[in-house]
Structure formats: structure tokens, C-alpha cells
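Everything on this sheet refers to the single structure shown next.
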Amino acid sequence: MKEFLIGRLNLEALPHEWFTIGGTAAFFAMALLAVTVITRMKRWKWLWNEWFTSVDPKKIGIMYFLVSGFMLLRGGLDALMMWLQQSLSSGSSHGYLSANHYQQIFTAHGNIMVFFVAMGFVFGLINYIVPLQIGARDLASPFLNTLGFWLFVAGVIMINTFFVFGGQYAATGWLAVAPLSGTQFSPGVGVDYWIWSLQISGIGTTLGAINFIMTILKMRAPGMSLRKMPLFTWGSLCSMVMAVTVFPLLTMTLFLMFFDRYFGAHFFTTTLGGNAMMYTNLIWMWGHPEVYILMLPSFGVFSEIVSTFSRKATASYWTNVGGMTGVSAFALSVWLHHFFTMGSSADVNAFFGLMTMIIAIPTSVLFFNWIATMYKGKIKFDTPMLWFLGFVALFAVGGMAGVMMAVPPIDFQLHNSLFLVAHFHTMVVGGVLFGIFAGLSYWFPKIAGFRLNERIGKYAFWCWTVGFIMAFTPLYILGFMGATRRLDHYDASTGFRPFFIMALLGGIVIMAGVLLQIVQIIASVMQRRRLADPTGDPWGGRTLEWAVPSTPPSYNFTIIPEVTSRDAFLEMKKQGLPTKKVFEDIHMPRNTSSGIYISGFAYLLGFGFVWHIVWLIILGVLGILTCLIKRTFNEDTEFTITAAEVEDMEEKRIKKAHASRAGKDLGTDEDMGLKEFIIIVIKWALDIVKNKRWKKW
Amino acid sequence: MVEHSELIHEEAATERAMFGFWVYLMTDLLMFAVLFAVYAVLHDNTLNGPTGKDLFSLPLALSETLILLTSSFTSGIGIVAAREGNKKQVFTWFGLTFLLGLAFLGLELKEFTEFIHAGHTISSNAFFSSFFALVGTHGLHIISGLLWMGITLYYVSKRGLTKSMVRKLTLLSLFWHFLDIVWIFIFTIVYLRAFV
């Protein structure tokens, strides 16, 4: 009976170590704070109706940003903990983390950064921008989109549940290589949390990707043929096509791992005919393309930014598109370069080595295209452009390190060393994350209705770039010195320590960059009137997302534009924007809570599997099925806004926008820098203390 | 005018749903691709235990194949009937499809229980792991297809053959044909190949 009710869950699973107690306390403190604030402000209904059940891709995009931003802090904390451990743990000192705890941290860091930070931001950008760029009012299947988002959230919660129940995460590395991740070597629940967190969010990704392929291919504005499609949309399309190609492989591989762990199957075990290297092959068949799934939307972002800030059309549209599609095609045939040391024949290694080097060609095509676009352009150095330039510098270094390691004999030396760690961080931070930051600062006026503070943004950029170079150059050198990755302790005679301390300092500078980004957002909110974007086109944009007001109405376009050229909005501006608007009836999807409920049941299902709680598993399956059936046969999923209502809403929106721009900014009227910001904050704090303002709360 | 725009709206939705469903089927196919690859790698790892040749019964596999092929045919006729708005025939043909699907499932379960009674389970060795995973995943798809069929027919009986119902039946029959194609590969690669 007890077995049936709580499975393997028992008192020992509750937190009893400093980090699990700390994590649990932090989790409950945050939850309590959120609940208190929302209840005090009476915002529950609003939150549920306006946000949680919303099918508006713009709102879902913003929710992706919030979750991923939060996870960025969580994963960044992991990074700082590792840097600190490595700079302390030399010779007789063993630092402050046990080997096992350290292993859990780097595993969680990798999973969180790839799945819940990079993926989340990428999906957020695609959600917000792609429908606007292609002139669509909503997505092909708004339901699949909220379902995908909430499955992503369920994955986020699942990966953090171990703090409260179980006390251990996988200690296997971010891909949980077999046979280490089998029950023989990892008997605890850590790997199970890993499986179900990735499984749930991965299925969400597949559904989201199907939806965006449908949207991009079937819902473009009249006149926008594929050859007139904006480059960010092209990058997103390439990325989503790759996602539907490889995420099913991840799903099935995770299921096979699950069969191994739950039913004693022998797919990846060391005994009874299992083949552990098959796991490595399968997971990297997904894992390598995954990097490009993250990268391609960033390439798209950069293509847009370079063209806008150089005030020139892209040097060659077709080589740009060709570069992106080329990268996606080649990306599917390079996975074996992650394990040249597997011992396959020289021919096999040579093939994958060559394919890996070839992939540098379409990437370079993109690079030269961007540089050619800047050539003779009137370049403006706003923050989005700075992020692009930082990317160029870092990505070139990381890319060349990658081509180096593509040579199998060199890889035999560098395999599993910190050189590799430095390489892929240069690619993922310098490429993906800088692309995301560039995109966020570029489209922020569209999303929020006001621009970001440029001065503080530039400080943040420089902290990130300088900090990154400080933190990861030592790792390249350490790799050559023989330091392996995942090292929690090393001998004093190795001479590694100064480099690790340098890396820690770099990490602190990066954290300063993150803090400055937060300050930047707060300062921009304080000065939102000064920074307001009344035109909807703050940068002199070229594509359709700038044709709608900032922030866009829920239906994006009052009139669906006719597209006649590649830079559709630029063309519209040249021909003169229409002054008188003719309104029409608009079909919009209704909000739905099915996505939330299904994801909730999916979470229960996963949790049931982690702890072998049979009734929870059954409940999860039945719940998912019931919600799916109810949703599928619900015929009332749309509503119509009549032309008169649209006109009315437009008028109200314009009035509201005017009203929000009237009045005074908080703090100062001058352009705020870091100094001004700090002075204002100190003044506020003093004012609160002096006048005992907390009594009012 | 309004009705006309409604019609275009509905047609566009059908077209999108069909296209999206095709993309979904391709992702499902890739999941099967993994299972086929795994079976190809592991099927010889029987560790001196019985091999597929010792265990499989070709007559059984052949009858499963014929049953499933016939069910695909009946579901195809069912779709023709649905497009013509012939509710009675839809029930006849999809009912037949449902029964054939059940028969297929019964035969498959019979095979599985025989293996398990002889002591061959998913944890016996890598050959059985890959066999049960591949054939079992197909069987699970058949179960979900039957479930879906039953529920859709229930709603057809309640709501009649509306546009949206015909769309759902079309997608269902696409799914059913897809399972048929996957089964042809299973029949060839798992069963026939064992006797080559």
C-alpha cells in the first residue's frame, strides 16, 4: 500500500544538505513572495486570463523571456560556483564542494543553459517576431504554441524539483552518457529527473517547431513569397526544420534510456548485449544539430541588425539564405566529431572531420556577407550593433578553434580538455547568447513600447565581452596544459591555479554585466516616457514588424499588408504610408487553459515515474488524454472582432498610448547613466528610511 | 460576402491542419527510424539465446500484415464515404477498420504473451529489448489510433459529418495508413529478415 501511495518517496528524500535546504528555502521564499504580491494586488484573475491562458504569441514570447531570464541567473549561479571551486581546490585544499556535488552542478548548468535559457529565449524571439515579420495575425495552431510553452515550463519546474524531493540531480554530464547513467552506476533519482525534464520540454519543442513551420510556410502575407521573406524568419524556419528533424531522435533516445532504467532493458548497458556507444551516437545525432537550432535564429537576428544599422540592404540575400540552409544541411552529418576517440575506423573519422570543416564554409559565407553589408554603409553603433561586433570577434576565434578540433589527430589531444569547453562556450555565448541579447535590445522598443537605456546597455556589453575573454582565454591555455574538463580538484604542481583564478575574475566581470543588464531594464522603465517609441519604427527598420505600433495590438495588423519587395516596410515608407485606414473583420483564436492543464498532468506523470508512484502515472496519462480529447473536439475556438470594434479598439489604443507618454519620468529627465541611477536609488532608500514609508505597506 | 470569407477561412484551416499533420507524421517516422536503427544494431546480440528465426511465426506475421493492409483499405473507403456525407457507410467502414485493428492487436498480444511465458522479456537481452521496443511502440500507436477512432466516431454520431469532423477523419486515416507503412517495414526487417 505504501509502495502504491508514495512509491520510493520517503523522508530521506526531503532536503537535508545545505544546498538542498538552501534551494528549497529560496524556492519557497520566492513562491511566497510572488503569491503575496499577486494576492495583495488582486491580480490572480488578470494573470490567468490575460497571460497564463493567452494564445497571443507576443504574450507567450514575453513569458518565455521571463522564464529564461530567470533561468539564466540560476545557471549563472552554477557557473560562479564552479569557477569558485576550481580556483580554491588545488593541492591540499579541496574547495567547498564535494566531487559528487560538483558533478551535479556542471550537469545542471549545461542542461539549464541549453534547454531552458538558450532554447527559451530563441522560442521567445521567434514567437514575438516571426508573426509580425510575415504579416500574420496569429499562428497556424495557437493551441500547440501555448502547449509547447507550458510543457517547457513543466520541464523547468521538473529540473528544479530535486531541491525539494530527492536532493540529487544527475551527476553524469549534461548528456548523461551511458553506461554511467544506467541504474548500475547512477542508482538515484537524479538521472530520472534529467530524463523527464528533457522529455517533457523536448516534446514541447517538437510541437512548437511543427507549429512554426506551418505558420511560416502557410501564413505569410499576400505577396511575400519565400524569396521575399525576411532573414530572421529564414533563420527561424531553418532552425525549426532542424528541430522537427532531430528532436524526435532525442525523444526516442530518452525513452530507450527510460526502458533501461525502469524495465531493465539492455539498450545501453554493459551487460547482456547492450551497446553504450550507440547511446553516444544517438544523443549526438540530436545534440550537434541542437547547437545549430540555437545558432540559426541568431544568424537571422544578426542579418536583420547589420542591414538596419548599416542602412543598407543585405549585400546578397541569396548567399545569406544559402549560408543558413547550408549550415542546417551539413549540421546533420557531423555528429561523430564529438567522439573521434570512440575508435571507429580512420575512414569514418576522416569523413566526419571533413564534414565538420566543410560546415565552416557556409558559416564564413554568412560572415563575409555581413561584412560586405557593412561595407560603405552608414553604420550606427547602437547596442544591437555592438553585440553583433562582439559576436564577430568571439565567433571567429571559437570557430577557428572548432575547425582545429575537426582534425581527428588534433582532437585526440584536445578531447575532453578545457580547450573544448572554451571552444563551445565561445560559440554558444559569443554566438547564441550575444545573438539573443542583440535581438532583445533591437526589438525591445517593439515589445515594451520604449527603447532600452543605451548608456548602461553599452557598459553591460563591455562587461560581457571583456569578462568573457578574461574567463575563457585561460581555459584555452589550460586545455593545452592538459587540464581536463569537469575537474573539481587538481595537484598544485600542475600550475593551473593562476589561470583558474583569472577565469573566476572573468566570471565576476560577466556577472557585473548581467547585473548591469538588470539595471538597464529598471532604468529604462523609470525613463519610459523619455525613451518612448511613438512611431513604432525607432531604428529606421526595413521589415514588417516595424510597420505596426509599439506595442502591437493583439491582432498585430489592422489591415494585412500587401508585400511587394524584400524590405517590405522600407518600400511602404518610400511609397508613403496609407493615412486613412479601412477596417475589416478579424478572426482571432480564443484563450485556452488546455495547455496549462496538459502540462500539469505531464509534470505529474514525470514525477510519478521518477518516484515510481503508480497512481500518479495513471492520473497523469488519463488527465492528458481527457484534456486532449476535450480540446480536439472543442469547435468553439475562435471569435470575430467586427470592423467597428476594431476601429473602436484602435482609437482607444492610440488614446491610451498618448496618455501613457504624458506625465513625468521617475528620477531624472536627463539621459541616465550608471552614476545617476545609483544616486537616485540611494536617494529613494534614504527617503524611505527617513520618512518611514514602509509603514504604509 | 461574410459567408464567402468564412469558407476561405475554414479551407485555409483545413489545409494548414493537413500540412501540420504531415510534418507530425514525419517526426513520428523519425522516432521509428531510431528504433529500426537500434534493432539493426542489437538484433544479433542474443547471447546464445533463441534468435528471431527460432521464435517468429511467419504465418502469424503474415496474417497480421494482411489484416492491417485490409484495414487501411477499409479506412480509405470510409474517407470516400465521409466526403460524400454518407454517415451510415462511414460507420460501416470505420467500424470494420476498428475491428480489424483490434484483431491485429490481439494477434500481436498473443505473440508477446507467448514470448513472455517462455521467459523472454524486455530485460532478457539486447535482442529482446530492441524487438519489444520496436514492435511494442507500433502496437502502442495502434492502440492510440483505435482510441482516437472510437472517440471520433462517437462525436460523428453526435454531431454528424461536419467539415471539421471530415477533417478529423481524414487525419485519422492518414495516421492509419502511416502505421501501415511502418508495419510493412517491421514485417520486412524484423520478421522476413529473420528467415533469410
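Residue numbering restarts at 1 in every chain; chains get A, B, ... in the order shown in the C-alpha cells, and ligands count up from 1 in that same order.
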Would you list, as an mmCIF file with C-alpha atoms, in the first residue's frame, the residues of stretch 280-513 of chain A that end up in strand (DSSP E or B) under DSSP run on this structure's backbone?
```
data_model
loop_
_atom_site.group_PDB
_atom_site.id
_atom_site.type_symbol
_atom_site.label_atom_id
_atom_site.label_comp_id
_atom_site.auth_asym_id
_atom_site.auth_seq_id
_atom_site.Cartn_x
_atom_site.Cartn_y
_atom_site.Cartn_z
ATOM 1 C CA SER A 417 40.056 19.007 -22.290
ATOM 2 C CA PHE A 450 10.122 52.221 -25.235
ATOM 3 C CA THR A 484 40.559 18.009 -18.440
ATOM 4 C CA TYR A 490 43.992 19.331 -9.255
#
```
Each residue of chain B with at least one atom at most 9 Å from chain A should appear once, together with its nearest atom pair and the corresponding distance in Å (one decimal); atoms considered: only C-alpha atoms; ordering: chain, then increasing residue number; output as CSV.
```
residue,atom,partner,partner_atom,distance
B:His9,CA,A:His587,CA,8.7
B:Ala12,CA,A:Lys218,CA,8.6
B:Ala13,CA,A:Ala140,CA,7.9
B:Glu15,CA,A:Lys218,CA,8.6
B:Arg16,CA,A:Met214,CA,6.5
B:Ala17,CA,A:Ala140,CA,8.2
B:Phe19,CA,A:Met214,CA,7.0
B:Gly20,CA,A:Met214,CA,5.8
B:Phe21,CA,A:Ile210,CA,8.6
B:Val23,CA,A:Ile210,CA,6.4
B:Tyr24,CA,A:Ile210,CA,6.8
B:Met26,CA,A:Thr245,CA,8.2
B:Thr27,CA,A:Pro248,CA,5.7
B:Asp28,CA,A:Pro248,CA,7.0
B:Leu29,CA,A:Pro248,CA,8.6
B:Leu30,CA,A:Pro248,CA,6.1
B:Met31,CA,A:Pro248,CA,5.3
B:Phe32,CA,A:Met252,CA,8.2
B:Ala33,CA,A:Leu249,CA,8.4
B:Val34,CA,A:Leu249,CA,6.4
B:Leu35,CA,A:Met252,CA,7.7
B:Val38,CA,A:Met278,CA,7.9
B:Val41,CA,A:Met278,CA,8.3
B:Leu42,CA,A:Gly273,CA,7.2
B:Asp44,CA,A:Gly273,CA,8.7
B:Asn45,CA,A:Gly273,CA,5.1
B:Thr46,CA,A:Gly273,CA,7.2
B:Leu47,CA,A:Leu272,CA,6.9
B:Thr121,CA,A:Ala265,CA,8.6
B:Ile122,CA,A:Ala265,CA,5.4
B:Ser123,CA,A:Ala265,CA,4.3
B:Ser124,CA,A:Ala265,CA,7.5
B:Asn125,CA,A:Leu272,CA,5.0
B:Ala126,CA,A:His266,CA,4.8
B:Phe127,CA,A:Gly273,CA,7.6
B:Phe128,CA,A:Ala265,CA,8.4
B:Ser129,CA,A:Ala265,CA,5.4
B:Ser130,CA,A:Phe267,CA,7.2
B:Ala133,CA,A:Leu256,CA,8.0
B:Trp148,CA,A:Ile629,CA,8.6
B:Ile151,CA,A:Ile629,CA,8.1
B:Thr152,CA,A:Phe633,CA,8.5
B:Tyr155,CA,A:Phe633,CA,7.9
B:Ser164,CA,A:Glu635,CA,8.1
B:Met165,CA,A:Phe633,CA,8.8
```
Quiz prompt | helix (DSSP H, G or I) residues, from DSSP on the backbone, in stretch 334-406 of chain A, as an MDAnalysis selection string | solution = chainID A and resid 335:342 346:358 360:374 383:405
Self-check item: Residue contacts of stretch 187-189 of chain A (10 Å, only C-alpha atoms) excluding same-chain residues fewer than 2 positions away, as number ranges by chain
Solution: A: 8, 13, 162, 165-171, 180-185, 191-195, 261, 609-611
Keeping only N, CA and C atoms, write the selected residues as a PDB file, in the first residue's frame.
```pdb
ATOM      1  N   ARG A   8       8.791   5.253  -4.141  1.00  0.00           N
ATOM      2  CA  ARG A   8      10.074   5.216  -3.437  1.00  0.00           C
ATOM      3  C   ARG A   8      10.341   6.494  -2.642  1.00  0.00           C
ATOM      4  N   ALA A  13      14.275  11.528   1.313  1.00  0.00           N
ATOM      5  CA  ALA A  13      14.275  12.293   0.069  1.00  0.00           C
ATOM      6  C   ALA A  13      14.125  13.787   0.336  1.00  0.00           C
ATOM      7  N   PHE A 162      14.348  18.592  -7.810  1.00  0.00           N
ATOM      8  CA  PHE A 162      15.223  17.754  -6.983  1.00  0.00           C
ATOM      9  C   PHE A 162      15.665  18.451  -5.702  1.00  0.00           C
ATOM     10  N   PHE A 165      12.521  17.377  -3.494  1.00  0.00           N
ATOM     11  CA  PHE A 165      12.354  15.932  -3.362  1.00  0.00           C
ATOM     12  C   PHE A 165      13.555  15.217  -3.970  1.00  0.00           C
ATOM     13  N   GLY A 166      14.300  14.527  -3.161  1.00  0.00           N
ATOM     14  CA  GLY A 166      15.373  13.700  -3.716  1.00  0.00           C
ATOM     15  C   GLY A 166      16.758  14.193  -3.391  1.00  0.00           C
ATOM     16  N   GLY A 167      16.941  15.520  -3.452  1.00  0.00           N
ATOM     17  CA  GLY A 167      18.215  16.077  -3.035  1.00  0.00           C
ATOM     18  C   GLY A 167      19.378  15.816  -3.956  1.00  0.00           C
ATOM     19  N   GLN A 168      19.150  15.181  -5.095  1.00  0.00           N
ATOM     20  CA  GLN A 168      20.275  14.979  -6.005  1.00  0.00           C
ATOM     21  C   GLN A 168      19.828  15.097  -7.438  1.00  0.00           C
ATOM     22  N   TYR A 169      20.691  15.749  -8.238  1.00  0.00           N
ATOM     23  CA  TYR A 169      20.455  15.813  -9.662  1.00  0.00           C
ATOM     24  C   TYR A 169      21.412  14.822 -10.309  1.00  0.00           C
ATOM     25  N   ALA A 170      21.253  14.598 -11.617  1.00  0.00           N
ATOM     26  CA  ALA A 170      22.168  13.710 -12.328  1.00  0.00           C
ATOM     27  C   ALA A 170      23.598  14.208 -12.157  1.00  0.00           C
ATOM     28  N   ALA A 171      24.530  13.281 -11.952  1.00  0.00           N
ATOM     29  CA  ALA A 171      25.945  13.649 -11.823  1.00  0.00           C
ATOM     30  C   ALA A 171      26.701  13.067 -13.005  1.00  0.00           C
ATOM     31  N   LEU A 180      27.210   5.222 -17.734  1.00  0.00           N
ATOM     32  CA  LEU A 180      27.250   5.922 -16.452  1.00  0.00           C
ATOM     33  C   LEU A 180      25.840   6.263 -15.962  1.00  0.00           C
ATOM     34  N   SER A 181      24.951   6.563 -16.893  1.00  0.00           N
ATOM     35  CA  SER A 181      23.614   6.985 -16.487  1.00  0.00           C
ATOM     36  C   SER A 181      22.673   5.807 -16.242  1.00  0.00           C
ATOM     37  N   GLY A 182      23.145   4.582 -16.425  1.00  0.00           N
ATOM     38  CA  GLY A 182      22.296   3.424 -16.138  1.00  0.00           C
ATOM     39  C   GLY A 182      22.118   3.229 -14.644  1.00  0.00           C
ATOM     40  N   THR A 183      21.204   2.340 -14.271  1.00  0.00           N
ATOM     41  CA  THR A 183      20.939   2.131 -12.839  1.00  0.00           C
ATOM     42  C   THR A 183      22.149   1.554 -12.118  1.00  0.00           C
ATOM     43  N   GLN A 184      23.008   0.850 -12.859  1.00  0.00           N
ATOM     44  CA  GLN A 184      24.162   0.237 -12.209  1.00  0.00           C
ATOM     45  C   GLN A 184      25.089   1.285 -11.598  1.00  0.00           C
ATOM     46  N   PHE A 185      25.311   2.396 -12.336  1.00  0.00           N
ATOM     47  CA  PHE A 185      26.254   3.404 -11.855  1.00  0.00           C
ATOM     48  C   PHE A 185      25.567   4.654 -11.319  1.00  0.00           C
ATOM     49  N   VAL A 191      19.169  10.998 -12.457  1.00  0.00           N
ATOM     50  CA  VAL A 191      19.058  10.787 -13.900  1.00  0.00           C
ATOM     51  C   VAL A 191      17.591  10.742 -14.318  1.00  0.00           C
ATOM     52  N   ASP A 192      16.713  10.254 -13.422  1.00  0.00           N
ATOM     53  CA  ASP A 192      15.284  10.223 -13.761  1.00  0.00           C
ATOM     54  C   ASP A 192      14.730  11.634 -13.909  1.00  0.00           C
ATOM     55  N   TYR A 193      15.130  12.524 -13.011  1.00  0.00           N
ATOM     56  CA  TYR A 193      14.728  13.927 -13.168  1.00  0.00           C
ATOM     57  C   TYR A 193      15.230  14.463 -14.504  1.00  0.00           C
ATOM     58  N   TRP A 194      16.475  14.107 -14.827  1.00  0.00           N
ATOM     59  CA  TRP A 194      17.065  14.547 -16.089  1.00  0.00           C
ATOM     60  C   TRP A 194      16.212  14.063 -17.253  1.00  0.00           C
ATOM     61  N   ILE A 195      15.893  12.763 -17.256  1.00  0.00           N
ATOM     62  CA  ILE A 195      15.110  12.188 -18.356  1.00  0.00           C
ATOM     63  C   ILE A 195      13.799  12.941 -18.528  1.00  0.00           C
ATOM     64  N   ARG A 261      16.308   1.996 -17.537  1.00  0.00           N
ATOM     65  CA  ARG A 261      16.312   2.274 -16.101  1.00  0.00           C
ATOM     66  C   ARG A 261      15.099   1.695 -15.386  1.00  0.00           C
ATOM     67  N   PHE A 609       6.853   8.875 -12.488  1.00  0.00           N
ATOM     68  CA  PHE A 609       7.872   7.954 -12.989  1.00  0.00           C
ATOM     69  C   PHE A 609       9.167   8.069 -12.192  1.00  0.00           C
ATOM     70  N   VAL A 610       9.532   9.312 -11.831  1.00  0.00           N
ATOM     71  CA  VAL A 610      10.776   9.490 -11.084  1.00  0.00           C
ATOM     72  C   VAL A 610      10.722   8.698  -9.779  1.00  0.00           C
ATOM     73  N   TRP A 611       9.556   8.735  -9.123  1.00  0.00           N
ATOM     74  CA  TRP A 611       9.464   8.101  -7.805  1.00  0.00           C
ATOM     75  C   TRP A 611       8.684   6.789  -7.831  1.00  0.00           C
TER      76      TRP A 611
END
```
Exercise. Find the residues around B:Leu172 up to 10 Å (only C-alpha atoms counted), leave out those fewer than 6 positions away in its own chain, and share them as a ChimeraX atom specification.
Key: /B:21,75,79,145-146,148-149,152,166,178
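Minimum distance to A:Gly398 across A:Asn416, A:Thr473, A:Ser524, A:Thr373 (counting only C-alpha atoms) occurs at A:Thr473.
The shortest atom-to-atom distance to B:Val90, with only C-alpha atoms taken into account, belongs to B:Leu161 out of B:Leu161, B:Val135, B:Ala103, B:Ala37.
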Quiz item: Do you have the atom CA of A:Leu32-atom CA of A:Lys692 distance handy?
Solution: 24.4 Å
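Excluding B:Gly160 and any residue on its chain fewer than 2 positions from it, the residues at most 12 Å away by only C-alpha atoms are B:Ala82, B:Gly85, B:Asn86, B:Lys87, B:Lys88, B:Val90, B:Phe91, B:Thr152, B:Leu153, B:Tyr154, B:Tyr155, B:Val156, B:Ser157, B:Lys158, B:Thr162, B:Lys163, B:Ser164, B:Met165, B:Val166, B:Leu169.
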Quiz prompt | Residue contacts of B:Leu109 (12 Å, only C-alpha atoms) excluding same-chain residues fewer than 3 positions away, as an MDAnalysis selection string | solution = chainID B and resid 60 64 102:106 112:117 132 135:136 139:140 142:143
Create the file for the chosen residues now, containing C-alpha atoms and written as a compact mmCIF listing (two decimals), in the first residue's frame.
```txt
# COMPACT_ATOMS: atom_id res chain seq x y z
CA LEU B 60 1.22 -15.13 -37.77
CA GLU B 64 -1.09 -9.54 -39.09
CA LEU B 102 -8.49 -4.98 -32.77
CA ALA B 103 -7.76 -8.30 -34.48
CA PHE B 104 -4.25 -7.13 -35.34
CA LEU B 105 -3.71 -6.04 -31.77
CA GLY B 106 -4.98 -9.38 -30.50
CA PHE B 112 4.01 -11.11 -26.90
CA THR B 113 2.39 -13.25 -24.20
CA GLU B 114 3.85 -16.40 -25.76
CA PHE B 115 7.31 -14.89 -25.61
CA ILE B 116 6.86 -13.69 -22.06
CA HIS B 117 5.54 -17.08 -20.93
CA PHE B 132 9.83 -5.32 -27.82
CA VAL B 135 7.09 -3.77 -32.26
CA GLY B 136 5.63 -2.55 -28.96
CA GLY B 139 1.40 -1.56 -31.08
CA LEU B 140 1.02 1.48 -28.82
CA ILE B 142 -2.28 1.14 -32.98
CA ILE B 143 -3.91 1.41 -29.56
```
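A straight line drawn from atom CA of A:Ala568 to atom CA of A:Thr543 is 5.5 Å long.
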Stretch 320-330 of chain A: which residues within 6 Å, counting only C-alpha atoms, same-chain residues fewer than 3 positions away excluded, as a short mmCIF file (atom, residue, chain, number, x, y, z; two decimals) with C-alpha atoms, in the first residue's frame?
```cif
data_model
loop_
_atom_site.label_atom_id
_atom_site.label_comp_id
_atom_site.auth_asym_id
_atom_site.auth_seq_id
_atom_site.Cartn_x
_atom_site.Cartn_y
_atom_site.Cartn_z
CA TYR A 317 20.15 37.97 -49.94
CA SER A 333 26.18 14.91 -40.76
CA ILE A 359 30.43 23.47 -42.34
CA PRO A 362 28.51 28.32 -45.25
CA VAL A 365 29.71 32.90 -46.34
CA LEU A 366 27.38 34.41 -43.76
#
```
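You will find atom CA of A:Tyr64 at 25.0 Å from atom CA of A:Arg40.
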